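A.B. asks: Got a structure here, written out as structure tokens. Questions coming.
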Amino acid sequence: MATTGKGWTISCHDAAQSLSHVLQTAALRRPRDETRGGQIGGHARGLAPTRLPRLYNPGPEVTVDEQLVPFRGRCPFRQYMPSKPAKYGIKSWVACDAKSSYAWKMQVYTGKPSGGRPERNQGMWVMLDVTEGLRGRNVTCDNYFTSYELARQLLERKITVVGTVRKNKPELPTGLLAVKGREVFSSRFAFTPTATLVSYIPKKNKNVVLLSMRHAEADVSNREDGKPVIVLDYNRNKGSVDNLDKVIGMYSCRRMTARWPLVVFHNILDVSSYNTFVIWREINPDWMPGKRNKRRVFLEQLGKTRDTVHRTKGAHPPHGSVRRGCEGCESRRCRRRHTESS
């Protein structure tokens, strides 16, 4: 147990209880629709934990991106994403704190609606959903989400946007799209009263267009490549969700299975465990200073504490091998409930 100067006290037991509440919410919230496809989609959406935004206030920078959980079994909304390492899996939209990679809100993508028609402006509606409840933050996203209409609606919520823009957007001026005759590492800017557009040439005959509701000046860095400040801010905050995938992949509870609900649940368990570690680290900044294995030690303590909490509630102790049977009473077919921990 540790106490900080802010008056907060937390122990591994409290962390285990918080993780238990998240998992209970994930297991119980299962909305159902009329059709069978709607029932499957509602089941998947119900697995997304709803307590994540209540436990942590993200910093001024938030990243929204897609996460792909590896899965090659049968699933009506399995996705193929060649840019991801796994390529096949279940896709989720995730809003993360850019600094800590805390998964603030998650939403499982369950495919097209039951009517069969693709959803129009899906990126905008997903962004509005996963940022619901945020105020006074800056959101970094890629060109799947970014549009001027989205930036305008988020600005009404006092949220600014920095993101790349697809070149087929009708609101882009033609002067920013032209690349012929432009020098490498050059930039062009366009301004409205609330938005800033920049077209940057990283190499010959190629440009990158970004939209920002946060910057109002044509600021360019002093680096050799002459990148605009908008590009530097975007590069600094864009990888939060990818970093989340990296850290949960290092210590994961995933197992080989052909059942997609179990795959989603394993991902929830991994994300919730990492979120619990982020909260613990924020409240106890002096815990294990200078050590690089903090998360491994924390997960070991969290697992032992969770097992102790589970046993004290009257659960059956874990079974040993088939030959030895139950560790509590040495019986092979024990059906009694053990109320005391072994």
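Following the order of the structure tokens, chains are lettered A, B, ..., residues in each are numbered from 1, and ligands are numbered from 1.
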Per residue of region 185-302 of chain A within 8 Å of region 136-154 of chain A, note the shortest atom pair and the distance in Å to one decimal, counting only C-alpha atoms, and order the rows by chain and increasing residue number, as a Markdown table.
C.D. replies:
```
| residue | atom | partner | partner_atom | distance |
| --- | --- | --- | --- | --- |
| A:Leu211 | CA | A:Thr146 | CA | 7.6 |
| A:Met213 | CA | A:Ala151 | CA | 7.0 |
| A:Arg214 | CA | A:Asn138 | CA | 7.6 |
| A:Tyr234 | CA | A:Thr140 | CA | 6.5 |
| A:Asn237 | CA | A:Thr140 | CA | 6.5 |
| A:Lys238 | CA | A:Thr140 | CA | 6.0 |
```
A.B. asks: Do you know which residues are at most 9 Å from region 74-84 of chain A counting only C-alpha atoms, after dropping those on the same chain fewer than 5 positions away, and could you put them as a PyMOL selection string?
C.D. replies: chain A and resi 37+40-41+67-68+89-91+109-112+258-260
A.B. asks: Just write the chosen residues, C-alpha atoms, as a PDB file, in the first residue's frame.
C.D. replies:
```pdb
ATOM      1  CA  GLY A  37     -26.547 -10.116 -36.999  1.00  0.00           C
ATOM      2  CA  ILE A  40     -23.856 -10.708 -32.642  1.00  0.00           C
ATOM      3  CA  GLY A  41     -22.899  -7.066 -33.060  1.00  0.00           C
ATOM      4  CA  GLN A  67      -6.610  -1.539 -33.210  1.00  0.00           C
ATOM      5  CA  LEU A  68      -6.565  -5.005 -34.769  1.00  0.00           C
ATOM      6  CA  GLY A  89      -8.519  -9.945 -36.839  1.00  0.00           C
ATOM      7  CA  ILE A  90     -11.201  -8.014 -34.965  1.00  0.00           C
ATOM      8  CA  LYS A  91     -10.989  -4.250 -35.318  1.00  0.00           C
ATOM      9  CA  TYR A 109     -16.295  -2.529 -35.098  1.00  0.00           C
ATOM     10  CA  THR A 110     -19.025  -5.052 -35.964  1.00  0.00           C
ATOM     11  CA  GLY A 111     -19.196  -4.534 -39.712  1.00  0.00           C
ATOM     12  CA  LYS A 112     -21.930  -3.046 -41.832  1.00  0.00           C
ATOM     13  CA  ALA A 258     -11.556 -20.427 -32.330  1.00  0.00           C
ATOM     14  CA  ARG A 259     -14.136 -18.404 -30.379  1.00  0.00           C
ATOM     15  CA  TRP A 260     -14.130 -14.709 -31.221  1.00  0.00           C
TER      16      TRP A 260
END
```
A.B. asks: Choose the residue, out of A:Ile268, A:Leu210, A:Val108, A:Leu244, that has the smallest atom-to-atom separation from Val231 (chain A); count only C-alpha atoms.
C.D. replies: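 So, comparing all the options, the nearest one is A:Leu210.
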A.B. asks: Between CA of Val64 (chain A) and CA of Val263 (chain A), what is the spacing in Å?
C.D. replies: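 Those two atoms sit 21.8 Å apart.
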A.B. asks: Could you work out how far CA of Asp129 (chain A) lies from CA of Trp280 (chain A), giving the answer in Å with one decimal?
C.D. replies: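 Atom-to-atom, CA of Trp280 (chain A) to CA of Asp129 (chain A), that is 27.4 Å.
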A.B. asks: List the neighbours of Arg296 (chain A) out to 10 Å using only C-alpha atoms; skip same-chain residues closer than 5 positions along the sequence, and give me the result as a PyMOL selection string.
C.D. replies: chain A and resi 250-251+277+301-302
A.B. asks: Just all heavy atoms for this one: save the residues we selected as an mmCIF file, in the first residue's frame.
C.D. replies:
```cif
data_model
loop_
_atom_site.group_PDB
_atom_site.id
_atom_site.type_symbol
_atom_site.label_atom_id
_atom_site.label_comp_id
_atom_site.auth_asym_id
_atom_site.auth_seq_id
_atom_site.Cartn_x
_atom_site.Cartn_y
_atom_site.Cartn_z
ATOM 1 N N MET A 250 3.564 -7.480 -25.274
ATOM 2 C CA MET A 250 4.737 -7.962 -24.550
ATOM 3 C C MET A 250 4.334 -8.882 -23.401
ATOM 4 O O MET A 250 4.960 -9.926 -23.178
ATOM 5 C CB MET A 250 5.535 -6.769 -24.024
ATOM 6 C CG MET A 250 6.836 -7.147 -23.347
ATOM 7 S SD MET A 250 7.760 -5.685 -22.833
ATOM 8 C CE MET A 250 8.018 -4.874 -24.420
ATOM 9 N N TYR A 251 3.311 -8.519 -22.648
ATOM 10 C CA TYR A 251 2.782 -9.360 -21.564
ATOM 11 C C TYR A 251 1.293 -9.530 -21.822
ATOM 12 O O TYR A 251 0.497 -8.642 -21.522
ATOM 13 C CB TYR A 251 3.005 -8.709 -20.197
ATOM 14 C CG TYR A 251 4.445 -8.457 -19.860
ATOM 15 C CD1 TYR A 251 4.963 -7.173 -19.877
ATOM 16 C CD2 TYR A 251 5.295 -9.503 -19.528
ATOM 17 C CE1 TYR A 251 6.289 -6.927 -19.565
ATOM 18 C CE2 TYR A 251 6.623 -9.273 -19.220
ATOM 19 C CZ TYR A 251 7.116 -7.987 -19.245
ATOM 20 O OH TYR A 251 8.437 -7.755 -18.944
ATOM 21 N N PHE A 277 -2.093 -0.559 -14.546
ATOM 22 C CA PHE A 277 -0.690 -0.214 -14.316
ATOM 23 C C PHE A 277 -0.447 1.285 -14.509
ATOM 24 O O PHE A 277 0.317 1.901 -13.754
ATOM 25 C CB PHE A 277 0.197 -1.017 -15.262
ATOM 26 C CG PHE A 277 1.631 -0.593 -15.257
ATOM 27 C CD1 PHE A 277 2.436 -0.813 -14.146
ATOM 28 C CD2 PHE A 277 2.184 0.036 -16.362
ATOM 29 C CE1 PHE A 277 3.768 -0.419 -14.137
ATOM 30 C CE2 PHE A 277 3.507 0.434 -16.365
ATOM 31 C CZ PHE A 277 4.301 0.205 -15.253
ATOM 32 N N GLN A 301 2.271 -9.090 -9.042
ATOM 33 C CA GLN A 301 1.587 -8.758 -7.794
ATOM 34 C C GLN A 301 0.072 -8.653 -8.003
ATOM 35 O O GLN A 301 -0.712 -9.084 -7.155
ATOM 36 C CB GLN A 301 2.133 -7.449 -7.236
ATOM 37 C CG GLN A 301 3.598 -7.510 -6.846
ATOM 38 C CD GLN A 301 4.096 -6.208 -6.283
ATOM 39 O OE1 GLN A 301 3.337 -5.268 -6.083
ATOM 40 N NE2 GLN A 301 5.403 -6.128 -6.015
ATOM 41 N N LEU A 302 -0.329 -8.092 -9.151
ATOM 42 C CA LEU A 302 -1.756 -7.966 -9.428
ATOM 43 C C LEU A 302 -2.410 -9.327 -9.577
ATOM 44 O O LEU A 302 -3.512 -9.563 -9.071
ATOM 45 C CB LEU A 302 -1.954 -7.140 -10.694
ATOM 46 C CG LEU A 302 -3.403 -6.899 -11.136
ATOM 47 C CD1 LEU A 302 -4.139 -6.058 -10.101
ATOM 48 C CD2 LEU A 302 -3.442 -6.217 -12.492
#
```
